[in-house]
Amino acid sequence: MRRPVEGEVHVHYGQIYVESDPDGYGPGLDEAFAGQSAGLCGAASPGSLWLSTGLHTGGVGFTVEVCEEAPPLDPAWEDVVEVSFRPVSPDSALVQWAGEASWPLDLEETDYRVRYCAQGMDRAGEEDTRLDDEPQLDCYLLQFWPAPPEPDRVLKQTSLSAANWHRYARELPPPPTPATSPSPTRPSPR
């Protein structure tokens with residue numbers, strides 16, 4: 001196992017991302033979670049992950065682990081979801097809002113299962129903002145391991161914040177399929 005990120009990262013608007021398209025900026029909120037049942041880690045848009053946090057603005061504890069196989073689930077985590085992810089280039093990175101900072105993840109272009117674990121989301125959400133000299137309120141663990149694609153799943157839900165995100169994702173319409181998407185060469189009907 002290797003840890004390309006360990007320590008504290010800064011979040012804005014309660015979000016941070018994994019991006020692998022060097023020419024893209026990532027999906028919007030609805031696009032990231034369309035068709036999912038788990039609302040903390042949006043994986044509906046190829047090559048990117050939208051990671052929700054309890055804290056709106058400030059530093060959160062954050063660790064990324066890249067494992068050889070599925071790691072055991074630590075019961076200390078309050079909220080846990082799993083999604084499938086495949087980078088679209090070898091340039092995957094954890095990226096702060098507006099690209100203010102990033103950490104290379106060095107993921108191969110293969111299928112991964114991703115586990116996103118959270119602790120302290122409700123308390124952090126109540127505080128909203130954390131200044132640098134204040135104690136840490138929430139922390140997160142993002143784990144990757146090679147695995148074939150599977151549907152997203154909620155493994156554990158404790159916080160009200162996670163419950164709200166899961167409800168949000170479940171109420172979104174599914175993403176368009178090739179049969180329902182307008183053709184790029186043909187104008188869509190009005």
# chains A, B, ... in the order shown; residues from 1 in each chain; ligands from 1

call {"tool": "residues_around", "arguments": {"residues": "A:Ser48", "least_positions_apart": "3", "cutoff": "10 Å", "atoms": "only C-alpha atoms", "output": "list in words"}}
result
Tyr17, Val18, Glu19, Ser20, Asp21, Gly24, Tyr25, Gly26, Pro27, Ala32, Cys41, Gly42, Ala43, Ala44, Ser45, Leu51, Phe85, Arg86, Pro87, Val88, Ser92, Ala93 and Leu94 of chain A

call {"tool": "write_last_selection", "arguments": {"atoms": "C-alpha atoms", "output": "PDB file, in the first residue's frame"}}
result
ATOM      1  CA  TYR A  17     -12.067  16.101  -6.410  1.00  0.00           C
ATOM      2  CA  VAL A  18     -10.080  13.376  -8.097  1.00  0.00           C
ATOM      3  CA  GLU A  19      -9.381  14.368 -11.705  1.00  0.00           C
ATOM      4  CA  SER A  20      -7.669  12.349 -14.417  1.00  0.00           C
ATOM      5  CA  ASP A  21      -8.488  14.340 -17.574  1.00  0.00           C
ATOM      6  CA  GLY A  24     -11.073  18.792 -18.323  1.00  0.00           C
ATOM      7  CA  TYR A  25     -12.340  20.556 -15.258  1.00  0.00           C
ATOM      8  CA  GLY A  26     -14.659  17.852 -13.959  1.00  0.00           C
ATOM      9  CA  PRO A  27     -18.421  17.475 -13.843  1.00  0.00           C
ATOM     10  CA  ALA A  32     -21.228  13.686 -10.778  1.00  0.00           C
ATOM     11  CA  CYS A  41     -18.477  10.229  -3.720  1.00  0.00           C
ATOM     12  CA  GLY A  42     -19.782  11.174  -7.163  1.00  0.00           C
ATOM     13  CA  ALA A  43     -18.424   8.776  -9.776  1.00  0.00           C
ATOM     14  CA  ALA A  44     -21.030   9.055 -12.536  1.00  0.00           C
ATOM     15  CA  SER A  45     -18.782  11.101 -14.835  1.00  0.00           C
ATOM     16  CA  LEU A  51     -15.896  14.113  -2.881  1.00  0.00           C
ATOM     17  CA  PHE A  85     -13.603   4.475 -11.007  1.00  0.00           C
ATOM     18  CA  ARG A  86     -11.336   4.307 -14.037  1.00  0.00           C
ATOM     19  CA  PRO A  87      -8.834   7.116 -14.763  1.00  0.00           C
ATOM     20  CA  VAL A  88      -8.933   8.414 -18.350  1.00  0.00           C
ATOM     21  CA  SER A  92      -4.765  11.446 -11.906  1.00  0.00           C
ATOM     22  CA  ALA A  93      -4.625  13.816  -8.942  1.00  0.00           C
ATOM     23  CA  LEU A  94      -6.512  14.925  -5.849  1.00  0.00           C
TER      24      LEU A  94
END

call {"tool": "select_by_dssp", "arguments": {"residues": "chain A", "states": "alpha helix (DSSP H)", "output": "PyMOL selection string"}}
result
chain A and resi 29-33+121-127+160-171

call {"tool": "closest_residue", "arguments": {"among": "A:Phe144, A:Phe33, A:Phe62, A:Tyr13", "to": "A:Val114", "atoms": "only C-alpha atoms"}}
result
A:Phe144

call {"tool": "select_by_dssp", "arguments": {"residues": "stretch 4-190 of chain A", "states": "strand (DSSP E)", "output": "PyMOL selection string"}}
result
chain A and resi 4-11+15-19+41-42+48-52+58-66+79-85+93-95+102-104+112-119+139-146+153-156

call {"tool": "atom_distance", "arguments": {"atom1": "atom CA of A:Val154", "atom2": "atom CA of A:Ala101"}}
result
28.9 Å

call {"tool": "closest_residue", "arguments": {"among": "A:Ala169, A:Val60, A:Ile16, A:Val5", "to": "A:Arg130", "atoms": "only C-alpha atoms"}}
result
A:Val60

call {"tool": "residues_around", "arguments": {"residues": "stretch 64-79 of chain A", "least_positions_apart": "5", "cutoff": "7 Å", "atoms": "only C-alpha atoms", "output": "PyMOL selection string"}}
result
chain A and resi 1-6+117-119+141-146+156-159+162

call {"tool": "closest_residue", "arguments": {"among": "A:Ser102, A:Thr110, A:Ser52, A:Thr57", "to": "A:Pro149", "atoms": "only C-alpha atoms"}}
result
A:Thr110

call {"tool": "atom_distance", "arguments": {"atom1": "atom CA of A:Pro90", "atom2": "atom CA of A:Trp103"}}
result
13.3 Å

call {"tool": "residues_around", "arguments": {"residues": "A:Leu137", "least_positions_apart": "6", "cutoff": "7 Å", "atoms": "only C-alpha atoms", "output": "ChimeraX atom specification"}}
result
/A:120,123-124
